[in-house]
file entry.tsv (TSV, C-alpha atoms)
chain	number	residue	atom	x	y	z
D	1	MET	CA	0.00	0.00	0.00
D	2	ASN	CA	1.23	3.46	-0.82
D	3	PHE	CA	-0.63	6.29	0.90
D	4	GLY	CA	1.19	9.40	-0.20
D	5	HIS	CA	4.76	10.42	-0.19
D	6	LEU	CA	6.90	9.35	2.76
D	7	SER	CA	10.31	10.92	2.63
D	8	GLN	CA	13.46	10.06	4.47
D	9	PRO	CA	14.66	12.89	6.70
D	10	LYS	CA	17.31	15.15	5.28
D	11	MET	CA	19.69	17.00	7.53
D	12	GLN	CA	18.99	20.67	7.16
D	13	LYS	CA	19.60	23.78	9.19
D	14	THR	CA	16.20	25.43	9.06
D	15	ILE	CA	12.74	24.13	9.67
D	16	LYS	CA	9.94	26.32	8.44
D	17	TYR	CA	6.65	26.69	10.25
D	18	THR	CA	3.37	28.51	10.07
D	19	ILE	CA	0.39	29.04	12.33
D	20	PHE	CA	-2.93	29.87	10.67
D	21	LYS	CA	-6.52	30.38	11.73
D	22	THR	CA	-9.22	27.80	11.09
D	23	LYS	CA	-12.84	27.72	12.17
D	24	TRP	CA	-11.77	25.57	15.15
D	25	GLY	CA	-8.73	27.63	16.21
D	26	TYR	CA	-5.07	28.07	15.30
D	27	PHE	CA	-3.48	25.19	13.42
D	28	GLY	CA	0.28	24.71	13.04
D	29	LEU	CA	2.51	23.16	10.39
D	30	ALA	CA	6.27	22.55	10.58
D	31	ALA	CA	8.14	21.30	7.53
D	32	ALA	CA	11.47	20.44	6.01
D	33	ASP	CA	12.14	20.94	2.32
D	34	ASN	CA	10.96	17.40	1.55
D	35	GLY	CA	7.72	17.30	3.55
D	36	LEU	CA	5.72	18.02	6.67
D	37	LEU	CA	7.39	17.13	9.96
D	38	ARG	CA	4.71	18.04	12.44
D	39	THR	CA	1.22	19.44	12.86
D	40	CYS	CA	-0.57	21.01	15.79
D	41	LEU	CA	-4.34	20.55	15.89
D	42	PRO	CA	-6.38	23.72	16.47
D	43	LEU	CA	-5.93	25.57	19.74
D	44	ALA	CA	-7.75	28.69	20.88
D	45	GLU	CA	-4.56	30.74	21.30
D	46	GLN	CA	-2.00	31.29	18.56
D	47	LYS	CA	0.83	31.48	21.09
D	48	LYS	CA	-0.04	28.05	22.55
D	49	ALA	CA	-0.25	26.51	19.08
D	50	LYS	CA	3.20	27.86	18.24
D	51	SER	CA	4.67	26.64	21.54
D	52	GLN	CA	3.25	23.14	21.10
D	53	LEU	CA	4.24	22.91	17.42
D	54	LEU	CA	7.84	24.01	17.97
D	55	ARG	CA	8.50	22.08	21.20
D	56	ASN	CA	12.03	20.63	21.01
D	57	LEU	CA	12.61	21.95	17.49
D	58	GLN	CA	15.53	24.28	16.77
D	59	ASN	CA	16.38	26.73	14.00
D	60	CYS	CA	12.75	27.34	13.05
D	61	ARG	CA	11.78	30.13	10.72
D	62	TYR	CA	8.26	31.47	10.25
D	63	ASP	CA	6.88	31.33	6.71
D	64	LYS	CA	3.25	32.40	6.36
D	65	ASP	CA	3.08	30.82	2.88
D	66	LEU	CA	4.47	27.44	3.94
D	67	PHE	CA	2.45	24.70	2.23
D	68	LYS	CA	-0.19	27.30	1.33
D	69	ALA	CA	-2.33	24.80	-0.59
D	70	VAL	CA	-2.27	22.50	2.44
D	71	GLN	CA	-3.32	25.39	4.68
D	72	LYS	CA	-6.33	25.96	2.43
D	73	ARG	CA	-7.25	22.28	2.52
D	74	ILE	CA	-6.99	22.13	6.31
D	75	THR	CA	-9.09	25.27	6.64
D	76	ALA	CA	-11.72	23.74	4.35
D	77	TYR	CA	-11.68	20.51	6.41
D	78	PHE	CA	-12.57	22.40	9.58
D	79	GLU	CA	-15.39	24.12	7.69
D	80	GLY	CA	-16.85	20.68	6.95
D	81	ALA	CA	-15.41	19.83	3.52
D	82	ARG	CA	-14.43	16.27	2.67
D	83	ILE	CA	-10.66	16.51	2.31
D	84	ASN	CA	-8.10	13.79	1.60
D	85	PHE	CA	-4.59	14.48	2.92
D	86	ARG	CA	-2.90	11.28	1.69
D	87	ASP	CA	-0.98	12.99	-1.12
D	88	ILE	CA	0.82	15.46	1.14
D	89	PRO	CA	4.52	14.61	1.51
D	90	VAL	CA	5.51	13.83	5.09
D	91	VAL	CA	8.75	13.04	6.89
D	92	LEU	CA	8.30	10.47	9.64
D	93	ALA	CA	11.29	11.40	11.74
D	94	CYS	CA	11.50	14.56	13.77
D	95	PRO	CA	14.89	16.28	13.87
D	96	GLU	CA	15.11	16.15	17.68
D	97	ARG	CA	14.79	12.36	17.46
D	98	SER	CA	17.51	11.83	14.87
D	99	ARG	CA	20.09	10.55	17.37
D	100	GLY	CA	18.83	6.96	17.51
D	101	ASN	CA	15.63	7.45	19.49
D	102	GLY	CA	13.35	8.31	16.60
D	103	LEU	CA	10.23	6.59	15.38
D	104	GLY	CA	10.81	2.87	15.17
D	105	LEU	CA	10.03	0.68	12.18
D	106	PHE	CA	6.76	-0.59	13.68
D	107	THR	CA	5.57	2.94	14.51
D	108	LYS	CA	6.37	4.12	10.99
D	109	ARG	CA	4.50	1.14	9.55
D	110	VAL	CA	1.46	1.88	11.72
D	111	LEU	CA	1.48	5.57	10.82
D	112	THR	CA	1.91	4.82	7.13
D	113	THR	CA	-0.97	2.32	7.25
D	114	CYS	CA	-3.11	4.78	9.19
D	115	ARG	CA	-2.76	7.29	6.34
D	116	GLY	CA	-4.92	4.95	4.27
D	117	ILE	CA	-8.00	5.31	6.48
D	118	GLU	CA	-10.44	7.29	4.40
D	119	PHE	CA	-12.40	10.34	5.48
D	120	GLY	CA	-15.47	9.37	7.49
D	121	ARG	CA	-14.28	5.79	8.10
D	122	ILE	CA	-13.08	4.26	11.32
D	123	VAL	CA	-11.06	1.16	12.10
D	124	THR	CA	-10.22	-0.58	15.36
D	125	TYR	CA	-6.77	-0.70	16.89
D	126	GLY	CA	-6.83	-4.45	16.22
D	127	ARG	CA	-7.73	-4.01	12.55
D	128	LEU	CA	-4.97	-1.44	12.10
D	129	ALA	CA	-2.53	-3.84	13.76
D	130	LYS	CA	-3.56	-6.54	11.27
D	131	LEU	CA	-3.24	-4.14	8.32
D	132	ALA	CA	0.22	-3.14	9.58
D	133	GLY	CA	1.28	-6.81	9.62
D	134	LYS	CA	1.14	-7.41	13.38
D	135	PRO	CA	-2.34	-8.83	14.09
D	136	ARG	CA	-1.72	-9.34	17.83
D	137	ALA	CA	-0.36	-5.85	18.45
D	138	ALA	CA	-3.49	-3.76	19.08
D	139	ARG	CA	-2.05	-2.19	22.24
D	140	ALA	CA	1.24	-1.46	20.53
D	141	VAL	CA	-0.72	0.27	17.76
D	142	GLY	CA	-2.18	2.60	20.39
D	143	GLY	CA	1.34	3.40	21.56
D	144	ALA	CA	2.50	4.02	18.01
D	145	LEU	CA	-0.42	6.34	17.31
D	146	ALA	CA	0.37	8.30	20.48
D	147	LYS	CA	3.69	9.22	18.80
D	148	ASN	CA	1.98	10.56	15.66
D	149	PRO	CA	3.72	13.87	14.86
D	150	LEU	CA	1.17	14.67	12.14
D	151	PRO	CA	-2.36	14.41	13.53
D	152	LEU	CA	-5.05	15.08	10.89
D	153	ILE	CA	-2.58	14.47	8.04
D	154	ILE	CA	-2.13	10.99	9.52
D	155	PRO	CA	-5.71	10.50	10.76
D	156	CYS	CA	-5.15	8.66	14.04
D	157	HIS	CA	-8.48	10.06	15.26
D	158	ARG	CA	-10.16	7.47	13.02
D	159	VAL	CA	-8.89	4.56	15.13
D	160	ILE	CA	-11.13	3.30	17.95
D	161	CYS	CA	-11.45	0.36	20.36
D	162	ALA	CA	-13.05	-2.93	19.37
D	163	ASN	CA	-15.90	-2.28	21.84
D	164	GLY	CA	-16.78	0.97	20.06
D	165	SER	CA	-15.28	3.31	22.66
D	166	LEU	CA	-12.96	6.02	21.40
D	167	GLY	CA	-9.79	4.88	23.15
D	168	GLY	CA	-7.08	7.47	23.67
D	169	PHE	CA	-5.96	10.60	21.87
D	170	SER	CA	-2.67	12.22	22.82
D	171	ALA	CA	-3.14	15.50	20.95
D	172	SER	CA	-4.17	18.62	22.86
D	173	GLY	CA	-7.89	18.43	23.45
D	174	GLY	CA	-7.67	14.70	24.12
D	175	VAL	CA	-10.60	12.37	23.54
D	176	ASN	CA	-13.05	15.31	23.36
D	177	LEU	CA	-11.24	16.61	20.27
D	178	LYS	CA	-11.15	13.10	18.77
D	179	LYS	CA	-14.90	12.89	19.26
D	180	ARG	CA	-15.44	16.29	17.58
D	181	LEU	CA	-13.31	15.27	14.58
D	182	LEU	CA	-15.24	12.03	14.17
D	183	GLN	CA	-18.56	13.89	14.51
D	184	LEU	CA	-17.45	16.39	11.84
D	185	GLU	CA	-16.68	13.57	9.42
D	186	ALA	CA	-19.86	11.66	10.31
D	187	SER	CA	-21.98	14.77	9.72
D	188	PHE	CA	-20.52	15.09	6.22
D	189	ARG	CA	-21.34	11.45	5.54
D	190	ALA	CA	-24.91	11.95	6.81
D	191	ALA	CA	-25.35	15.08	4.69
D	192	THR	CA	-24.10	13.23	1.61
D	193	VAL	CA	-26.59	10.41	2.16
D	194	MET	CA	-29.45	12.90	2.66
D	195	GLU	CA	-28.61	14.69	-0.61
D	196	ARG	CA	-29.06	11.50	-2.68
call {"tool": "encode", "arguments": {"input": "entry.tsv", "output": "structure tokens"}}
result
Amino acid sequence: MNFGHLSQPKMQKTIKYTIFKTKWGYFGLAAADNGLLRTCLPLAEQKKAKSQLLRNLQNCRYDKDLFKAVQKRITAYFEGARINFRDIPVVLACPERSRGNGLGLFTKRVLTTCRGIEFGRIVTYGRLAKLAGKPRAARAVGGALAKNPLPLIIPCHRVICANGSLGGFSASGGVNLKKRLLQLEASFRAATVMER
């Protein structure tokens, strides 16, 4: 399965970032030349979004036009549009983790597989484990998703427990934000069905 562009990290001196307003709050993007490194889901205060986005990153430079087309797509998503983010290039290794304690092979496999979960769909931790080639690793999948540096772009909010409960969500806003994201996508699905 290939769900978009996954780049290998390149050593570079400057990471670019931007913080922009969406209907739900301030969203952050940080990127290298070859793809997105990190996202910050919407927060009410721009300053908090910037602080969370840039935590442990060095040599960051603000660029309001960074991934401008992606900014527009994210803004549209939070306004209720059905948006697919699978084609956006990402780098699954954060620069602060490049000294041997980065994302492991299993975590990268889980995150890559998670990119394939379509808008409005949900899968269980167990199903994602099976899709990632480790059918008995549902709990480990939860741990891998907790390390997701790119929430929304890698839609870990679409993964739930086998009993139908939401499970965890390590992004700011926690499980309440996960629930809102799922409700947003479900409302689009319901509206689509009603239009037919």
call {"tool": "residues_around", "arguments": {"input": "entry.tsv", "residues": "Arg61 of chain D", "least_positions_apart": "6", "cutoff": "8 Å", "atoms": "all atoms listed in the file", "output": "number ranges by chain"}}
result
D: 14-17
call {"tool": "residues_around", "arguments": {"input": "entry.tsv", "residues": "Ala30 of chain D", "least_positions_apart": "3", "cutoff": "12 Å", "atoms": "all atoms listed in the file", "output": "MDAnalysis selection string"}}
result
chainID D and resid 14:20 27 33:40 49:55 57:67 70:71 90:91 94:95 149:150
call {"tool": "atom_distance", "arguments": {"input": "entry.tsv", "atom1": "atom CA of Val123 of chain D", "atom2": "atom CA of Ile160 of chain D"}}
result
6.2 Å
call {"tool": "closest_residue", "arguments": {"input": "entry.tsv", "among": "D:Ala32, D:Ala186, D:Ala146, D:Ile88", "to": "Leu103 of chain D", "atoms": "all atoms listed in the file"}}
result
D:Ala146
call {"tool": "closest_residue", "arguments": {"input": "entry.tsv", "among": "D:Lys23, D:Leu92, D:Ser165, D:Lys147", "to": "Gly80 of chain D", "atoms": "all atoms listed in the file"}}
result
D:Lys23
call {"tool": "atom_distance", "arguments": {"input": "entry.tsv", "atom1": "atom CA of Ala162 of chain D", "atom2": "atom CA of Ala140 of chain D"}}
result
14.4 Å
call {"tool": "closest_residue", "arguments": {"input": "entry.tsv", "among": "D:Pro89, D:Phe78, D:Cys161, D:Thr107", "to": "Gln183 of chain D", "atoms": "only C-alpha atoms"}}
result
D:Phe78
call {"tool": "atom_distance", "arguments": {"input": "entry.tsv", "atom1": "atom CA of Asn148 of chain D", "atom2": "atom CA of Arg121 of chain D"}}
result
18.6 Å
call {"tool": "closest_residue", "arguments": {"input": "entry.tsv", "among": "D:Phe106, D:Phe169, D:Trp24, D:Tyr125", "to": "Tyr77 of chain D", "atoms": "all atoms listed in the file"}}
result
D:Trp24
call {"tool": "residues_around", "arguments": {"input": "entry.tsv", "residues": "Gly133 of chain D", "least_positions_apart": "2", "cutoff": "12 Å", "atoms": "only C-alpha atoms", "output": "mmCIF file with C-alpha atoms, in the coordinates of the input"}}
result
data_model
loop_
_atom_site.group_PDB
_atom_site.id
_atom_site.type_symbol
_atom_site.label_atom_id
_atom_site.label_comp_id
_atom_site.auth_asym_id
_atom_site.auth_seq_id
_atom_site.Cartn_x
_atom_site.Cartn_y
_atom_site.Cartn_z
ATOM 1 C CA MET D 1 0.000 0.000 0.000
ATOM 2 C CA LEU D 105 10.030 0.680 12.180
ATOM 3 C CA PHE D 106 6.760 -0.590 13.680
ATOM 4 C CA THR D 107 5.570 2.940 14.510
ATOM 5 C CA ARG D 109 4.500 1.140 9.550
ATOM 6 C CA VAL D 110 1.460 1.880 11.720
ATOM 7 C CA THR D 112 1.910 4.820 7.130
ATOM 8 C CA THR D 113 -0.970 2.320 7.250
ATOM 9 C CA GLY D 126 -6.830 -4.450 16.220
ATOM 10 C CA ARG D 127 -7.730 -4.010 12.550
ATOM 11 C CA LEU D 128 -4.970 -1.440 12.100
ATOM 12 C CA ALA D 129 -2.530 -3.840 13.760
ATOM 13 C CA LYS D 130 -3.560 -6.540 11.270
ATOM 14 C CA LEU D 131 -3.240 -4.140 8.320
ATOM 15 C CA PRO D 135 -2.340 -8.830 14.090
ATOM 16 C CA ARG D 136 -1.720 -9.340 17.830
ATOM 17 C CA ALA D 137 -0.360 -5.850 18.450
ATOM 18 C CA ALA D 138 -3.490 -3.760 19.080
ATOM 19 C CA VAL D 141 -0.720 0.270 17.760
#
call {"tool": "closest_residue", "arguments": {"input": "entry.tsv", "among": "D:Ala44, D:Cys114, D:Ile83, D:Leu152", "to": "Leu181 of chain D", "atoms": "all atoms listed in the file"}}
result
D:Leu152
call {"tool": "closest_residue", "arguments": {"input": "entry.tsv", "among": "D:Ile74, D:Asn56, D:Glu45, D:Ala132", "to": "Thr22 of chain D", "atoms": "all atoms listed in the file"}}
result
D:Ile74
call {"tool": "build_atoms", "arguments": {"input": "entry.tsv", "residues": "segment 38-55 of chain D", "atoms": "N, CA, C and O atoms", "output": "PDB file, in the coordinates of the input"}}
result
ATOM      1  N   ARG D  38       5.548  17.994  11.257  1.00  0.00           N
ATOM      2  CA  ARG D  38       4.710  18.040  12.440  1.00  0.00           C
ATOM      3  C   ARG D  38       3.507  18.937  12.198  1.00  0.00           C
ATOM      4  O   ARG D  38       3.589  19.899  11.445  1.00  0.00           O
ATOM      5  N   THR D  39       2.400  18.580  12.857  1.00  0.00           N
ATOM      6  CA  THR D  39       1.220  19.440  12.860  1.00  0.00           C
ATOM      7  C   THR D  39       0.796  19.663  14.299  1.00  0.00           C
ATOM      8  O   THR D  39       1.127  18.889  15.190  1.00  0.00           O
ATOM      9  N   CYS D  40       0.053  20.721  14.501  1.00  0.00           N
ATOM     10  CA  CYS D  40      -0.570  21.010  15.790  1.00  0.00           C
ATOM     11  C   CYS D  40      -2.040  21.247  15.508  1.00  0.00           C
ATOM     12  O   CYS D  40      -2.390  22.165  14.758  1.00  0.00           O
ATOM     13  N   LEU D  41      -2.896  20.399  16.074  1.00  0.00           N
ATOM     14  CA  LEU D  41      -4.340  20.550  15.890  1.00  0.00           C
ATOM     15  C   LEU D  41      -4.800  21.871  16.500  1.00  0.00           C
ATOM     16  O   LEU D  41      -4.113  22.440  17.348  1.00  0.00           O
ATOM     17  N   PRO D  42      -5.947  22.372  16.074  1.00  0.00           N
ATOM     18  CA  PRO D  42      -6.380  23.720  16.470  1.00  0.00           C
ATOM     19  C   PRO D  42      -6.430  23.951  17.981  1.00  0.00           C
ATOM     20  O   PRO D  42      -6.953  23.131  18.737  1.00  0.00           O
ATOM     21  N   LEU D  43      -5.873  25.082  18.369  1.00  0.00           N
ATOM     22  CA  LEU D  43      -5.930  25.570  19.740  1.00  0.00           C
ATOM     23  C   LEU D  43      -6.496  26.983  19.725  1.00  0.00           C
ATOM     24  O   LEU D  43      -6.360  27.704  18.733  1.00  0.00           O
ATOM     25  N   ALA D  44      -7.097  27.381  20.809  1.00  0.00           N
ATOM     26  CA  ALA D  44      -7.750  28.690  20.880  1.00  0.00           C
ATOM     27  C   ALA D  44      -6.768  29.851  20.789  1.00  0.00           C
ATOM     28  O   ALA D  44      -7.100  30.907  20.247  1.00  0.00           O
ATOM     29  N   GLU D  45      -5.552  29.654  21.287  1.00  0.00           N
ATOM     30  CA  GLU D  45      -4.560  30.740  21.300  1.00  0.00           C
ATOM     31  C   GLU D  45      -3.408  30.441  20.341  1.00  0.00           C
ATOM     32  O   GLU D  45      -2.824  29.364  20.381  1.00  0.00           O
ATOM     33  N   GLN D  46      -3.081  31.425  19.532  1.00  0.00           N
ATOM     34  CA  GLN D  46      -2.000  31.290  18.560  1.00  0.00           C
ATOM     35  C   GLN D  46      -0.672  30.992  19.254  1.00  0.00           C
ATOM     36  O   GLN D  46       0.107  30.153  18.803  1.00  0.00           O
ATOM     37  N   LYS D  47      -0.421  31.655  20.358  1.00  0.00           N
ATOM     38  CA  LYS D  47       0.830  31.480  21.090  1.00  0.00           C
ATOM     39  C   LYS D  47       0.991  30.047  21.591  1.00  0.00           C
ATOM     40  O   LYS D  47       2.072  29.469  21.523  1.00  0.00           O
ATOM     41  N   LYS D  48      -0.091  29.439  22.077  1.00  0.00           N
ATOM     42  CA  LYS D  48      -0.040  28.050  22.550  1.00  0.00           C
ATOM     43  C   LYS D  48       0.183  27.086  21.397  1.00  0.00           C
ATOM     44  O   LYS D  48       0.910  26.104  21.531  1.00  0.00           O
ATOM     45  N   ALA D  49      -0.449  27.363  20.264  1.00  0.00           N
ATOM     46  CA  ALA D  49      -0.250  26.510  19.080  1.00  0.00           C
ATOM     47  C   ALA D  49       1.210  26.546  18.646  1.00  0.00           C
ATOM     48  O   ALA D  49       1.807  25.508  18.351  1.00  0.00           O
ATOM     49  N   LYS D  50       1.786  27.732  18.626  1.00  0.00           N
ATOM     50  CA  LYS D  50       3.200  27.860  18.240  1.00  0.00           C
ATOM     51  C   LYS D  50       4.104  27.119  19.222  1.00  0.00           C
ATOM     52  O   LYS D  50       4.992  26.375  18.809  1.00  0.00           O
ATOM     53  N   SER D  51       3.856  27.293  20.518  1.00  0.00           N
ATOM     54  CA  SER D  51       4.670  26.640  21.540  1.00  0.00           C
ATOM     55  C   SER D  51       4.603  25.122  21.407  1.00  0.00           C
ATOM     56  O   SER D  51       5.629  24.434  21.453  1.00  0.00           O
ATOM     57  N   GLN D  52       3.403  24.590  21.224  1.00  0.00           N
ATOM     58  CA  GLN D  52       3.250  23.140  21.100  1.00  0.00           C
ATOM     59  C   GLN D  52       3.899  22.635  19.807  1.00  0.00           C
ATOM     60  O   GLN D  52       4.592  21.619  19.808  1.00  0.00           O
ATOM     61  N   LEU D  53       3.686  23.324  18.713  1.00  0.00           N
ATOM     62  CA  LEU D  53       4.240  22.910  17.420  1.00  0.00           C
ATOM     63  C   LEU D  53       5.761  22.862  17.440  1.00  0.00           C
ATOM     64  O   LEU D  53       6.365  21.925  16.926  1.00  0.00           O
ATOM     65  N   LEU D  54       6.378  23.871  18.047  1.00  0.00           N
ATOM     66  CA  LEU D  54       7.840  24.010  17.970  1.00  0.00           C
ATOM     67  C   LEU D  54       8.583  23.387  19.147  1.00  0.00           C
ATOM     68  O   LEU D  54       9.810  23.502  19.213  1.00  0.00           O
ATOM     69  N   ARG D  55       7.860  22.702  20.043  1.00  0.00           N
ATOM     70  CA  ARG D  55       8.500  22.080  21.200  1.00  0.00           C
ATOM     71  C   ARG D  55       9.638  21.175  20.740  1.00  0.00           C
ATOM     72  O   ARG D  55       9.461  20.305  19.892  1.00  0.00           O
TER      73      ARG D  55
END
